[in-house]
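Asker: My structure file entry_21.txt, compact mmCIF, C-alpha atoms, is below:
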# COMPACT_ATOMS: atom_id res chain seq x y z
CA MET Z 178 6.16 -53.45 -2.70
CA ARG Z 179 9.71 -52.49 -3.60
CA TRP Z 180 8.51 -51.30 -7.00
CA LEU Z 181 5.85 -49.24 -5.36
CA ARG Z 182 8.49 -47.64 -3.15
CA PHE Z 183 10.61 -47.05 -6.22
CA ALA Z 184 7.63 -45.39 -7.94
CA VAL Z 185 7.09 -43.14 -4.93
CA GLY Z 186 10.81 -42.32 -4.93
CA LEU Z 187 10.63 -41.54 -8.65
CA ILE Z 188 7.70 -39.19 -8.14
CA ILE Z 189 9.58 -37.46 -5.33
CA ALA Z 190 12.66 -37.15 -7.56
CA LEU Z 191 10.54 -35.72 -10.38
CA THR Z 192 8.87 -33.34 -7.93
CA LEU Z 193 12.28 -32.16 -6.78
CA HIS Z 194 13.35 -31.83 -10.39
CA SER Z 195 10.27 -29.70 -11.19
CA LEU Z 196 10.64 -27.61 -8.05
CA LEU Z 197 14.27 -26.89 -8.69
CA ASN Z 198 13.49 -26.19 -12.33
CA SER Z 199 10.83 -23.70 -11.33
CA PHE Z 200 12.56 -21.88 -8.51
CA PHE Z 201 16.32 -22.49 -8.90
CA PRO Z 202 16.94 -23.45 -12.52
CA ASN Z 203 20.72 -23.62 -12.04
CA ALA Z 204 20.47 -25.95 -9.07
CA LEU Z 205 20.11 -29.03 -11.31
CA ALA Z 206 23.64 -28.43 -12.54
CA PHE Z 207 24.84 -29.22 -9.01
CA PHE Z 208 22.42 -31.84 -7.88
CA ASN Z 209 20.82 -34.96 -9.37
CA PRO Z 210 17.94 -36.53 -7.42
CA TYR Z 211 17.58 -39.42 -9.88
CA VAL Z 212 21.08 -40.67 -9.11
CA ILE Z 213 20.21 -40.80 -5.41
CA LEU Z 214 17.10 -42.85 -6.16
CA VAL Z 215 18.86 -45.25 -8.47
CA VAL Z 216 21.82 -45.75 -6.13
CA TYR Z 217 19.50 -46.22 -3.17
CA TYR Z 218 17.60 -48.86 -5.10
CA SER Z 219 20.75 -50.52 -6.46
CA MET Z 220 22.33 -50.77 -3.02
CA GLY Z 221 20.05 -53.76 -2.50
CA GLY Z 222 22.26 -55.73 -4.86
CA ASN Z 223 19.55 -56.84 -7.27
CA VAL Z 224 21.25 -56.21 -10.61
CA PHE Z 225 18.21 -56.93 -12.74
CA GLY Z 226 16.00 -54.58 -10.73
CA ALA Z 227 18.75 -51.97 -10.72
CA ILE Z 228 18.95 -52.01 -14.53
CA ILE Z 229 15.19 -51.54 -14.86
CA ALA Z 230 15.23 -48.79 -12.21
CA GLY Z 231 18.07 -47.03 -14.03
CA VAL Z 232 16.24 -47.18 -17.36
CA VAL Z 233 12.94 -45.93 -15.96
CA ALA Z 234 14.44 -43.16 -13.83
CA GLY Z 235 16.69 -42.10 -16.72
CA LEU Z 236 13.83 -41.99 -19.22
CA VAL Z 237 11.77 -39.87 -16.86
CA GLN Z 238 14.70 -37.51 -16.39
CA ASP Z 239 15.21 -37.37 -20.15
CA ALA Z 240 11.54 -36.68 -20.78
CA PHE Z 241 11.60 -33.62 -18.56
CA SER Z 242 14.99 -32.25 -19.46
CA GLY Z 243 16.31 -30.90 -22.71
CA ALA Z 244 18.82 -33.68 -23.30
CA ILE Z 245 18.80 -36.31 -26.01
CA PHE Z 246 16.09 -38.79 -25.12
CA GLY Z 247 17.79 -41.86 -23.67
CA LEU Z 248 20.99 -40.12 -22.62
CA HIS Z 249 20.31 -40.13 -18.88
CA ALA Z 250 18.62 -43.52 -19.15
CA PHE Z 251 21.84 -44.92 -20.59
CA SER Z 252 24.10 -43.31 -18.00
CA LEU Z 253 21.87 -44.13 -15.05
CA THR Z 254 21.56 -47.74 -16.20
CA VAL Z 255 25.34 -48.01 -16.24
CA CYS Z 256 25.54 -46.49 -12.76
CA ALA Z 257 22.74 -48.69 -11.41
CA TYR Z 258 24.38 -51.80 -12.81
CA ALA Z 259 27.76 -50.87 -11.36
CA VAL Z 260 26.41 -50.09 -7.90
CA ALA Z 261 24.23 -53.19 -7.81
CA TYR Z 262 27.08 -55.35 -9.05
CA VAL Z 263 29.46 -54.06 -6.39
CA ASN Z 264 26.82 -54.44 -3.68
CA SER Z 265 25.94 -57.96 -4.73
CA ARG Z 266 29.50 -58.87 -3.80
CA LEU Z 267 30.54 -56.50 -1.04
CA SER Z 268 27.19 -55.86 0.61
CA LEU Z 269 27.92 -52.22 1.51
CA ARG Z 270 25.76 -50.70 4.23
CA GLY Z 271 25.68 -47.44 6.14
CA THR Z 272 25.59 -43.77 5.36
CA VAL Z 273 29.27 -43.46 4.48
CA ALA Z 274 29.11 -46.39 2.10
CA PHE Z 275 26.03 -44.90 0.53
CA GLY Z 276 27.83 -41.59 0.14
CA ALA Z 277 30.80 -43.29 -1.46
CA CYS Z 278 28.52 -45.15 -3.87
CA LEU Z 279 26.80 -41.88 -4.71
CA ILE Z 280 30.06 -40.10 -5.48
CA GLY Z 281 31.13 -42.97 -7.68
CA ALA Z 282 27.76 -43.08 -9.39
CA VAL Z 283 27.68 -39.34 -10.05
CA ILE Z 284 31.20 -39.42 -11.52
CA ALA Z 285 30.36 -42.45 -13.66
CA ASN Z 286 27.10 -40.85 -14.74
CA GLU Z 287 28.80 -37.62 -15.78
CA LEU Z 288 31.57 -39.44 -17.58
CA VAL Z 289 29.13 -41.56 -19.56
CA ILE Z 290 27.13 -38.46 -20.49
CA TYR Z 291 30.32 -36.67 -21.52
CA ILE Z 292 31.36 -39.54 -23.77
CA LEU Z 293 27.90 -39.98 -25.31
CA VAL Z 294 27.52 -36.27 -26.04
CA ASN Z 295 30.95 -36.37 -27.64
CA ILE Z 296 30.01 -39.32 -29.82
CA LEU Z 297 26.47 -38.38 -30.76
CA LEU Z 298 26.59 -34.60 -30.95
CA LYS Z 299 30.31 -34.07 -31.44
CA GLN Z 300 30.22 -31.48 -28.69
CA LYS Z 301 32.26 -30.87 -25.58
CA ILE Z 302 30.54 -30.10 -22.31
CA GLN Z 303 31.81 -26.82 -20.90
CA PHE Z 304 33.16 -26.77 -17.35
CA PHE Z 305 32.74 -30.51 -17.21
CA GLU Z 306 35.21 -31.18 -14.39
CA GLN Z 307 33.95 -28.38 -12.16
CA GLY Z 308 30.34 -29.38 -12.77
CA MET Z 309 31.11 -32.98 -11.96
CA ILE Z 310 32.87 -32.11 -8.70
CA PHE Z 311 30.07 -29.84 -7.54
CA LYS Z 312 27.41 -32.34 -8.57
CA ALA Z 313 29.21 -35.19 -6.80
CA PHE Z 314 29.60 -33.13 -3.64
CA PHE Z 315 26.06 -31.78 -3.35
CA THR Z 316 24.34 -34.95 -4.53
CA CYS Z 317 26.40 -36.96 -2.06
CA LEU Z 318 25.59 -34.52 0.75
CA PHE Z 319 21.87 -34.50 0.08
CA GLY Z 320 21.78 -38.25 -0.58
CA MET Z 321 23.51 -39.04 2.69
CA LEU Z 322 21.08 -36.83 4.52
CA VAL Z 323 18.14 -38.60 2.92
CA TYR Z 324 19.68 -41.98 3.68
CA GLN Z 325 20.23 -41.02 7.29
CA LEU Z 326 16.66 -39.77 7.67
CA LEU Z 327 15.23 -42.91 6.10
CA THR Z 328 17.33 -45.11 8.36
CA LEU Z 329 16.42 -43.10 11.46
CA PHE Z 330 12.74 -42.50 10.98
CA LEU Z 331 11.59 -45.35 8.77
CA ARG Z 332 14.08 -47.87 10.18
CA GLU Z 333 14.66 -48.83 6.63
CA GLU Z 334 17.60 -50.26 4.83
CA PRO Z 335 17.93 -49.68 1.09
CA ILE Z 336 15.27 -51.24 -1.03
CA GLU Z 337 15.89 -54.91 -1.69
CA ALA Z 338 17.96 -55.25 1.46
CA THR Z 339 17.50 -58.97 1.29
CA ARG Z 340 20.28 -59.66 -1.07
CA ARG Z 341 19.79 -61.96 -3.98
CA PRO Z 342 22.38 -63.85 -5.91
CA ALA Z 343 24.17 -61.89 -8.62
CA GLY Z 344 22.60 -63.93 -11.37
CA TRP Z 345 19.66 -66.15 -11.87
CA MET E 297 1.30 -62.88 -13.94
CA PRO E 298 4.88 -64.08 -13.30
CA VAL E 299 7.30 -63.62 -16.17
CA PRO E 300 8.40 -66.99 -17.63
CA VAL E 301 11.96 -67.69 -16.63
CA ASP E 302 12.96 -68.43 -20.23
CA VAL E 303 12.18 -64.87 -21.34
CA ILE E 304 14.48 -63.28 -18.73
CA PRO E 305 18.11 -63.22 -19.80
CA ARG E 306 20.23 -65.62 -17.91
CA ARG E 307 22.83 -63.05 -17.10
CA PRO E 308 22.15 -59.49 -16.01
CA THR E 309 25.23 -58.41 -17.95
CA LEU E 310 23.51 -59.62 -21.09
CA LEU E 311 20.40 -57.71 -20.09
CA LEU E 312 22.54 -54.65 -19.54
CA ILE E 313 24.05 -54.92 -22.99
CA VAL E 314 20.64 -55.36 -24.59
CA VAL E 315 19.18 -52.43 -22.69
CA LEU E 316 22.14 -50.18 -23.41
CA SER E 317 22.04 -51.09 -27.08
CA LEU E 318 18.35 -50.24 -27.26
CA LEU E 319 18.95 -46.97 -25.45
CA PHE E 320 21.79 -46.14 -27.82
CA VAL E 321 19.51 -46.68 -30.77
CA LEU E 322 16.89 -44.52 -29.08
CA MET E 323 19.46 -41.80 -28.51
CA SER E 324 20.64 -41.95 -32.09
CA LEU E 325 17.09 -41.52 -33.31
CA SER E 326 16.49 -38.67 -30.91
CA SER E 327 19.70 -36.88 -31.75
CA ARG E 328 18.71 -36.80 -35.42
CA THR E 329 15.37 -35.12 -34.80
CA SER E 330 14.79 -31.57 -33.89
CA TYR E 331 13.86 -31.05 -30.28
CA VAL E 332 10.81 -28.96 -30.85
CA GLY E 333 7.17 -29.88 -30.35
CA GLU E 334 5.77 -32.72 -32.40
CA THR E 335 9.09 -34.05 -33.64
CA ARG E 336 9.78 -35.67 -30.28
CA THR E 337 9.72 -39.39 -30.45
CA MET E 338 6.60 -41.23 -29.61
CA PHE E 339 8.30 -43.03 -26.75
CA GLU E 340 9.41 -39.82 -25.16
CA ARG E 341 5.92 -38.36 -25.55
CA SER E 342 4.45 -41.40 -23.82
CA VAL E 343 6.80 -41.06 -20.85
CA MET E 344 5.99 -37.37 -20.63
CA THR E 345 2.26 -38.06 -20.77
CA ILE E 346 2.46 -40.63 -17.98
CA PHE E 347 4.48 -38.43 -15.65
CA ALA E 348 3.04 -35.07 -16.72
CA PRO E 349 0.72 -34.75 -13.68
CA VAL E 350 3.74 -34.54 -11.37
CA PRO E 351 5.34 -31.37 -12.75
CA LYS E 352 1.89 -29.96 -13.44
CA THR E 353 0.92 -30.47 -9.81
CA VAL E 354 4.23 -29.06 -8.64
CA ASN E 355 3.74 -26.03 -10.85
CA TRP E 356 0.18 -25.59 -9.67
CA VAL E 357 1.18 -25.88 -6.02
CA GLY E 358 4.14 -23.60 -6.59
CA SER E 359 2.17 -20.94 -8.43
CA THR E 360 -0.69 -21.15 -5.93
CA ALA E 361 1.72 -20.79 -3.03
CA ALA E 362 3.47 -17.94 -4.80
CA ASP E 363 0.12 -16.27 -5.50
CA MET E 364 -0.93 -16.67 -1.89
CA TYR E 365 2.39 -15.34 -0.67
CA HIS E 366 2.24 -12.38 -3.02
CA GLY E 367 -1.40 -11.86 -2.11
CA TYR E 368 -0.42 -11.82 1.54
CA LEU E 369 2.41 -9.39 0.83
CA ASP E 370 0.08 -7.22 -1.24
CA MET E 371 -2.47 -7.30 1.55
CA ARG E 372 0.11 -6.25 4.13
CA ARG E 373 1.34 -3.54 1.81
CA SER E 374 -2.26 -2.42 1.23
CA VAL E 375 -2.98 -2.31 4.97
CA LYS E 376 0.15 -0.25 5.52
CA GLU E 377 -0.67 1.98 2.57
CA ASN E 378 -4.25 2.31 3.80
CA LEU E 379 -3.06 3.46 7.21
CA GLU E 380 -0.67 5.90 5.62
CA LEU E 381 -3.40 7.21 3.33
CA ARG E 382 -5.79 7.59 6.24
CA ARG E 383 -3.15 9.52 8.13
CA LYS E 384 -2.57 11.65 5.06
CA VAL E 385 -6.32 12.23 4.63
CA ASP E 386 -6.54 13.35 8.26
CA GLN E 387 -3.57 15.62 7.75
CA LEU E 388 -4.99 17.05 4.53
CA THR E 389 -8.43 17.49 6.05
CA THR E 390 -6.91 19.48 8.90
CA GLU E 391 -4.83 21.48 6.47
CA ASN E 392 -7.88 22.05 4.28
CA LEU E 393 -9.87 23.31 7.24
CA ARG E 394 -7.01 25.59 8.19
CA LEU E 395 -6.76 26.90 4.62
CA ARG E 396 -10.51 27.44 4.39
CA GLN E 397 -10.36 29.28 7.66
CA GLY E 398 -7.42 31.28 6.34
CA GLU E 399 -9.23 32.00 3.10
CA GLY E 400 -12.30 33.18 5.00
CA ASP E 401 -10.14 35.34 7.23
CA MET E 402 -8.33 36.75 4.24
CA ARG E 403 -11.55 37.57 2.40
CA ARG E 404 -13.02 39.20 5.46
CA LEU E 405 -9.86 41.16 6.23
CA ARG E 406 -9.51 42.23 2.63
CA SER E 407 -13.07 43.60 2.57
CA LEU E 408 -12.47 45.22 5.93
CA LEU E 409 -9.25 46.75 4.68
CA SER E 410 -10.82 48.09 1.52
CA TYR E 411 -13.66 49.42 3.64
CA SER E 412 -11.25 51.12 6.03
CA GLU E 413 -9.50 52.80 3.11
CA GLN E 414 -12.53 54.94 2.41
CA PHE E 415 -12.12 56.77 5.70
CA THR E 416 -9.96 59.86 5.76
CA MET E 417 -9.20 59.64 9.50
CA PRO E 418 -6.62 57.25 10.95
CA THR E 419 -7.89 53.74 11.56
CA SER E 420 -6.66 50.62 13.27
CA MET E 421 -7.76 47.04 12.94
CA ALA E 422 -8.77 45.13 16.02
CA GLU E 423 -10.12 41.74 16.83
CA ALA E 424 -13.10 41.12 19.03
CA ILE E 425 -11.99 38.95 21.92
CA MET E 426 -15.11 39.03 24.08
CA LEU E 427 -18.76 39.53 23.27
CA ASP E 428 -21.43 40.33 25.78
CA LEU E 429 -24.74 40.23 24.00
CA SER E 430 -26.78 38.53 26.66
CA SER E 431 -27.25 41.38 29.08
CA ARG E 432 -29.13 44.61 28.48
CA PHE E 433 -25.80 46.37 28.14
CA LYS E 434 -24.47 45.21 24.83
CA SER E 435 -20.72 45.42 24.46
CA ILE E 436 -17.66 43.79 23.02
CA VAL E 437 -14.02 43.89 24.02
CA VAL E 438 -11.36 44.35 21.34
CA ASP E 439 -7.65 43.61 21.50
CA ARG E 440 -6.41 47.12 20.86
CA GLY E 441 -6.06 49.74 23.53
CA SER E 442 -4.60 53.12 24.23
CA SER E 443 -1.12 51.93 23.27
CA THR E 444 -2.26 51.72 19.66
CA GLY E 445 -4.09 55.03 19.75
CA VAL E 446 -7.57 53.78 20.62
CA ASP E 447 -9.40 56.39 22.62
CA VAL E 448 -12.77 56.75 24.29
CA ASP E 449 -15.53 57.76 21.83
CA ASP E 450 -13.70 56.29 18.85
CA ALA E 451 -16.23 54.84 16.45
CA VAL E 452 -16.05 51.12 15.74
CA VAL E 453 -17.25 49.70 12.45
CA ASN E 454 -16.84 46.69 10.22
CA ALA E 455 -17.51 46.08 6.56
CA ASN E 456 -21.24 45.77 7.21
CA GLY E 457 -21.67 48.97 9.08
CA LEU E 458 -21.64 50.70 12.42
CA ILE E 459 -20.91 48.66 15.53
CA GLY E 460 -20.62 51.18 18.34
CA ARG E 461 -18.17 53.37 20.16
CA VAL E 462 -15.30 52.90 22.55
CA VAL E 463 -16.38 53.56 26.12
CA LEU E 464 -13.36 52.33 28.05
CA THR E 465 -9.73 51.73 27.19
CA THR E 466 -6.81 50.03 28.83
CA LYS E 467 -3.32 49.80 27.47
CA ASP E 468 -4.06 46.70 25.38
CA MET E 469 -7.83 46.46 25.23
CA ALA E 470 -10.91 48.53 24.74
CA LYS E 471 -14.57 48.09 25.55
CA VAL E 472 -17.03 48.99 22.84
CA GLN E 473 -20.65 49.91 23.48
CA LEU E 474 -22.82 48.50 20.72
CA ILE E 475 -25.46 50.61 19.07
CA THR E 476 -28.07 48.13 20.30
CA ASP E 477 -27.23 48.95 23.93
CA SER E 478 -30.12 50.71 25.61
CA ASN E 479 -27.84 53.60 26.58
CA ALA E 480 -26.39 54.06 23.10
CA SER E 481 -27.59 56.74 20.72
CA VAL E 482 -26.44 57.66 17.25
CA GLY E 483 -27.29 60.65 15.10
CA VAL E 484 -28.61 59.15 11.87
CA LEU E 485 -30.44 60.03 8.71
CA ILE E 486 -32.71 58.17 6.36
CA GLU E 487 -30.69 57.76 3.20
CA ARG E 488 -33.62 58.14 0.81
CA THR E 489 -35.20 61.26 2.32
CA ARG E 490 -32.21 62.66 4.26
CA ARG E 491 -34.50 63.09 7.30
CA GLN E 492 -32.41 63.14 10.45
CA GLY E 493 -33.21 61.44 13.72
CA VAL E 494 -31.68 59.71 16.70
CA LEU E 495 -31.18 55.98 16.85
CA ARG E 496 -31.24 54.31 20.24
CA GLY E 497 -30.66 50.71 21.14
CA ASP E 498 -33.65 48.81 22.41
CA GLY E 499 -31.55 46.60 24.68
CA GLY E 500 -32.54 43.60 22.61
CA GLY E 501 -31.06 42.87 19.21
CA GLY E 502 -32.39 45.93 17.46
CA ALA E 503 -32.80 49.71 17.71
CA GLN E 504 -35.43 52.39 17.40
CA LEU E 505 -35.41 55.62 15.47
CA PHE E 506 -36.66 58.67 17.32
CA ASP E 507 -37.50 62.24 16.51
CA ILE E 508 -39.01 61.50 13.10
CA PRO E 509 -42.20 63.51 12.65
CA SER E 510 -45.43 61.69 11.94
CA LEU E 511 -45.70 63.31 8.58
CA ALA E 512 -42.21 62.26 7.47
CA ASP E 513 -41.92 59.81 4.65
CA VAL E 514 -40.44 56.65 6.14
CA ARG E 515 -40.98 53.18 4.77
CA PRO E 516 -39.85 49.76 5.80
CA GLY E 517 -36.69 48.96 3.88
CA ASP E 518 -35.29 52.49 4.08
CA ARG E 519 -31.59 52.48 4.79
CA ILE E 520 -30.35 54.35 7.82
CA ILE E 521 -26.84 55.83 7.81
CA SER E 522 -24.92 57.83 10.37
CA ALA E 523 -25.50 61.55 10.07
CA GLY E 524 -22.15 62.71 11.45
CA ILE E 525 -23.80 65.22 13.73
CA ASP E 526 -23.09 63.64 17.10
CA GLY E 527 -19.37 64.36 17.22
CA ILE E 528 -18.56 60.66 17.45
CA TYR E 529 -19.59 58.78 14.33
CA PRO E 530 -18.48 59.96 10.90
CA LYS E 531 -21.14 60.55 8.32
CA GLY E 532 -22.32 57.93 5.88
CA ILE E 533 -21.70 54.69 7.76
CA PRO E 534 -24.53 52.18 7.25
CA VAL E 535 -26.40 51.70 10.50
CA GLY E 536 -29.52 49.70 9.76
CA VAL E 537 -32.69 49.17 7.78
CA VAL E 538 -36.17 50.28 8.74
CA THR E 539 -38.29 47.25 9.50
CA LYS E 540 -41.37 48.94 10.84
CA ALA E 541 -42.64 52.56 10.67
CA GLU E 542 -45.90 53.41 12.46
CA LYS E 543 -47.64 56.49 13.57
CA GLY E 544 -46.84 57.04 17.25
CA GLN E 545 -49.01 58.30 20.08
CA ASP E 546 -47.57 61.82 19.91
CA LEU E 547 -46.14 63.85 17.05
CA PHE E 548 -43.45 61.35 16.17
CA LYS E 549 -43.39 58.06 14.43
CA THR E 550 -42.43 54.78 16.03
CA ILE E 551 -39.78 53.28 13.83
CA ALA E 552 -37.98 49.97 14.39
CA VAL E 553 -34.57 49.50 12.84
CA LYS E 554 -32.63 46.34 12.25
CA PRO E 555 -28.87 46.95 12.43
CA THR E 556 -26.85 46.06 9.35
CA VAL E 557 -24.22 44.39 11.50
CA ASP E 558 -24.81 40.92 12.83
CA PHE E 559 -23.41 41.41 16.29
CA GLY E 560 -23.31 37.70 16.95
CA SER E 561 -20.63 37.16 14.31
CA ILE E 562 -18.25 40.03 14.87
CA GLU E 563 -14.61 39.03 14.49
CA GLU E 564 -12.49 41.86 13.15
CA VAL E 565 -13.39 45.50 13.48
CA ILE E 566 -12.03 48.87 12.45
CA VAL E 567 -11.53 51.49 15.08
CA LEU E 568 -11.89 54.98 13.60
CA HIS E 569 -9.79 57.50 15.43
CA THR E 570 -12.28 60.26 14.97
CA ARG E 571 -11.47 63.88 15.59
CA LYS E 572 -13.16 64.78 18.87
CA VAL E 573 -15.15 67.96 19.39
CA PRO E 574 -13.39 69.92 22.16
CA GLY E 575 -15.27 69.87 25.46
CA GLN E 576 -15.75 73.61 25.76
CA ILE E 577 -17.33 73.75 22.30
CA ALA E 578 -19.57 70.81 23.02
CA ARG E 579 -20.70 72.29 26.31
CA TYR E 580 -20.87 75.91 25.15
CA THR E 581 -24.25 77.54 25.35
CA PRO E 582 -24.67 81.09 24.07
Once more with this new file: its structure as C-alpha cells, please.

Answerer:
Amino acid sequence: MRWLRFAVGLIIALTLHSLLNSFFPNALAFFNPYVILVVYYSMGGNVFGAIIAGVVAGLVQDAFSGAIFGLHAFSLTVCAYAVAYVNSRLSLRGTVAFGACLIGAVIANELVIYILVNILLKQKIQFFEQGMIFKAFFTCLFGMLVYQLLTLFLREEPIEATRRPAGW
Amino acid sequence: MPVPVDVIPRRPTLLLIVVLSLLFVLMSLSSRTSYVGETRTMFERSVMTIFAPVPKTVNWVGSTAADMYHGYLDMRRSVKENLELRRKVDQLTTENLRLRQGEGDMRRLRSLLSYSEQFTMPTSMAEAIMLDLSSRFKSIVVDRGSSTGVDVDDAVVNANGLIGRVVLTTKDMAKVQLITDSNASVGVLIERTRRQGVLRGDGGGGAQLFDIPSLADVRPGDRIISAGIDGIYPKGIPVGVVTKAEKGQDLFKTIAVKPTVDFGSIEEVIVLHTRKVPGQIARYTP
C-alpha cells in the first residue's frame, strides 16, 4: 500500500514537473516536487524504503530533465537516506519538523548536485547560492502546505508512520 | 514473492553505498554520451517509456484546456466583433440609402438646372411640399412665394415638361394649378405639323386638345408643346403626347393627350417668372 501511495505521489510530482515545464519553465529552478515526495516518504524512518524511493524518484526526474542521467537519483538518494536516518532516531513529526527536513534536504540535494557537476562536467553552477536559497524557501513552503493538507483532510501521517528499526 | 532475507544487505548504509556507486557509474556513462536522441542510455529510455504517459497526458490536458480557453476567447471576440460589424452594416446601410437619395436628388437637380438654363427669363427653383391630385381641381403647393419673386400666372415646369401655373401666392408658398385641372387651359401646338390648339385638363390624369379641325393631320404619338400664345407659358415647353385622335361630332377632332409630366412624382420644379401681358393690352378690343 505504501508503495502504491508512493507511486501516486511520484505521478503527481511528475505531473507538477510537466505542468511547470509547460507553463512556467523557470519555476523548476525555485521548486522541486520530487524532494517533497522523497522527504515525505523518508519521514517514516524506513531507511531501506527511503533509498529505493530516492533512486526511483531521482531517475524519473533525470529522465524528464536535461541533467546527466543519475544525477538527481544520486542526490535524492543521499537526501532520502539522511532524512530517514534522522527520523529513525528522532522520530520527527509535525508540519514544522517536515519543513525543517525539507530545507535540509533541499540544501543537501543542491550541494550534492553542485559537487557532482563539478566532478563530472568540470563546470560551476551559476547563481548556485541564490538558487539554493530560493529553492529551499519555496519547496519548504509548498511542502509544508501539502503536509498540512494531507494531515487535515486525509488524517494521514507520513508514509511508513509505523517506525521500523534502523537496520534489519 | 517475498525477497529472501539473504539477498537484502544487512545494513542500509551498505545498500546506500552500493546504490550510490551504481548511480555514479551510470552518471559517468551518461556524461560521456551526447544528450541527443538515440544516444541516451537504454536505462534512461526505459524510465522515460514507463513514465511517458504522464507528461503526455499533462500536455494533452494542457493543450486541450488552452485550446478551449482560446476558443472561448475567440468566440467572445467573434461575438463582439459580430455585433460591431452588424452595427457598422446598419450604419453603412443607412449612409448608403442617404447617399443614394442624395445622388438621385443631385441627378434630378442637375437635369432641372440644365433645363432651367435654356430659359431666357428669370427662374427660381422650388420644391413641391403638397400635392392634391385626388380632387377634380389638381394642384400642388411649392415652397417659394412672393418673397422670392413668385407671382400669379408664373409658369411652372420641370425637366419633363409643363406642370401648370401659379394661381395663388403667399410670402413663402405658392399654389400651382396643374394642366390636368379641369379649369386649366394652355395654348399649344402639335410639334410635327405646327397646328395650334387649346389644351384643357380633363379633371382626371390627362388632358384634351381642342380646336383642331377634323381635316388636320394629327396622329397618336404626336408631341404637343406650348405655343406661347396665351401670355402665360413660354413657347416650346413639352406638354404631352397625343394618345388618341378621332373625328368629333362637329368640325373638330377629339384628341386625348397624355401629359409628359408624371404629376404623382413631382419633387422639384422651376418657376418661370414670365413677362406678363399688361391688362389693358390683354383686355383691349378694337

Asker: Would you tabulate, counting all atoms listed in the file, all residues of chain E that have an atom at most 7 Å from an atom of chain Z, showing the closest pair of atoms and their distance in Å to one decimal, sorted by chain then ascending number, as a tab-separated table?

Answerer:
residue	atom	partner	partner_atom	distance
E:Arg306	CA	Z:Trp345	CA	6.1
E:Arg307	CA	Z:Gly344	CA	5.8
E:Pro308	CA	Z:Phe225	CA	5.7
E:Leu312	CA	Z:Ile228	CA	6.7
E:Leu316	CA	Z:Phe251	CA	6.0
E:Leu319	CA	Z:Gly247	CA	5.5
E:Leu322	CA	Z:Gly247	CA	6.1
E:Met323	CA	Z:Gly247	CA	5.1
E:Ser324	CA	Z:Leu297	CA	7.0
E:Ser326	CA	Z:Phe246	CA	5.8
E:Ser327	CA	Z:Ile245	CA	5.8
E:Glu340	CA	Z:Ala240	CA	5.8
E:Val343	CA	Z:Ala240	CA	6.5
E:Met344	CA	Z:Ala240	CA	5.6
E:Val350	CA	Z:Thr192	CA	6.3
E:Pro351	CA	Z:Ser195	CA	5.4
E:Val354	CA	Z:Thr192	CA	6.4

Asker: Of the candidates E:Ile562, E:Ala480, E:Val494, E:Met417, which shows the shortest atom-to-atom distance to Ala455 of chain E, using only C-alpha atoms?

Answerer: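 Ranked by minimum distance to Ala455 of chain E, first place goes to E:Ile562.
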
Asker: Please identify all polymer residues within 8 Å of Ala313 of chain Z, counting only C-alpha atoms, omitting same-chain residues fewer than 4 positions from it, and present them as a PDB file with C-alpha atoms, keeping the file's coordinate frame.

Answerer:
ATOM      1  CA  PHE Z 207      24.840 -29.220  -9.010  1.00  0.00           C
ATOM      2  CA  PHE Z 208      22.420 -31.840  -7.880  1.00  0.00           C
ATOM      3  CA  LEU Z 279      26.800 -41.880  -4.710  1.00  0.00           C
ATOM      4  CA  ILE Z 280      30.060 -40.100  -5.480  1.00  0.00           C
ATOM      5  CA  VAL Z 283      27.680 -39.340 -10.050  1.00  0.00           C
ATOM      6  CA  ILE Z 284      31.200 -39.420 -11.520  1.00  0.00           C
ATOM      7  CA  MET Z 309      31.110 -32.980 -11.960  1.00  0.00           C
ATOM      8  CA  CYS Z 317      26.400 -36.960  -2.060  1.00  0.00           C
TER       9      CYS Z 317
END

Asker: Give me the residues near segment 498-501 of chain E as a PyMOL selection string, where near means some atom within 12 Å (using all atoms listed in the file) and where sequence neighbours in that chain fewer than 6 positions away do not count.

Answerer: chain E and resi 428-435+473-481+536+551-560

Asker: Report as a list in words all protein, DNA and RNA residues lying within 9 Å of Lys301 of chain Z, evaluated on only C-alpha atoms, omitting residues in the same chain fewer than 5 positions from it.

Answerer: Tyr291, Ile292, Val294 and Asn295 of chain Z

Asker: Need the neighbours of (-31.9, 61.0, 7.9): which residues are at most 9 Å away, counting only C-alpha atoms, as a CSV table (one decimal) with C-alpha atoms, in the coordinates of the input?

Answerer:
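Dumped everything to point30.csv:
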chain,number,residue,atom,x,y,z
E,483,GLY,CA,-27.3,60.6,15.1
E,484,VAL,CA,-28.6,59.2,11.9
E,485,LEU,CA,-30.4,60.0,8.7
E,486,ILE,CA,-32.7,58.2,6.4
E,487,GLU,CA,-30.7,57.8,3.2
E,488,ARG,CA,-33.6,58.1,0.8
E,489,THR,CA,-35.2,61.3,2.3
E,490,ARG,CA,-32.2,62.7,4.3
E,491,ARG,CA,-34.5,63.1,7.3
E,492,GLN,CA,-32.4,63.1,10.4
E,493,GLY,CA,-33.2,61.4,13.7
E,494,VAL,CA,-31.7,59.7,16.7
E,508,ILE,CA,-39.0,61.5,13.1
E,520,ILE,CA,-30.4,54.4,7.8
E,521,ILE,CA,-26.8,55.8,7.8
E,522,SER,CA,-24.9,57.8,10.4
E,523,ALA,CA,-25.5,61.6,10.1

Asker: If we count all atoms listed in the file and set the cut-off at 12 Å, which residues sit around Asp450 of chain E, ignoring sequence neighbours fewer than 5 positions away in its own chain? Please answer as number ranges by chain.

Answerer: E: 417-420, 440-442, 445, 458-465, 470-473, 527-530, 566-573

Asker: Could you check how far atom CA of Ser219 of chain Z sits from atom CA of Pro349 of chain E, in Å to one decimal?

Answerer: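 Atom CA of Ser219 of chain Z sits 26.5 Å away from atom CA of Pro349 of chain E.
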
Asker: Give me the residues within 12 Å of Ala274 of chain Z as a PyMOL selection string, counting all atoms listed in the file and dropping any in the same chain fewer than 3 places off.

Answerer: chain Z and resi 216-217+220+260+263-264+267-271+277-281+317+320-321+324-325+335

Asker: Could you tell me how far atom CA of Arg396 of chain E lies from atom CA of Leu427 of chain E, in Å and to one decimal?

Answerer: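 Atom-to-atom, atom CA of Arg396 of chain E and atom CA of Leu427 of chain E are spaced 23.9 Å apart.
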
Asker: Between atom CA of Phe315 of chain Z and atom CA of Val215 of chain Z, what is the distance in Å, rounded to a tenth?

Answerer: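 According to the coordinates, atom CA of Phe315 of chain Z and atom CA of Val215 of chain Z are separated by 16.1 Å.
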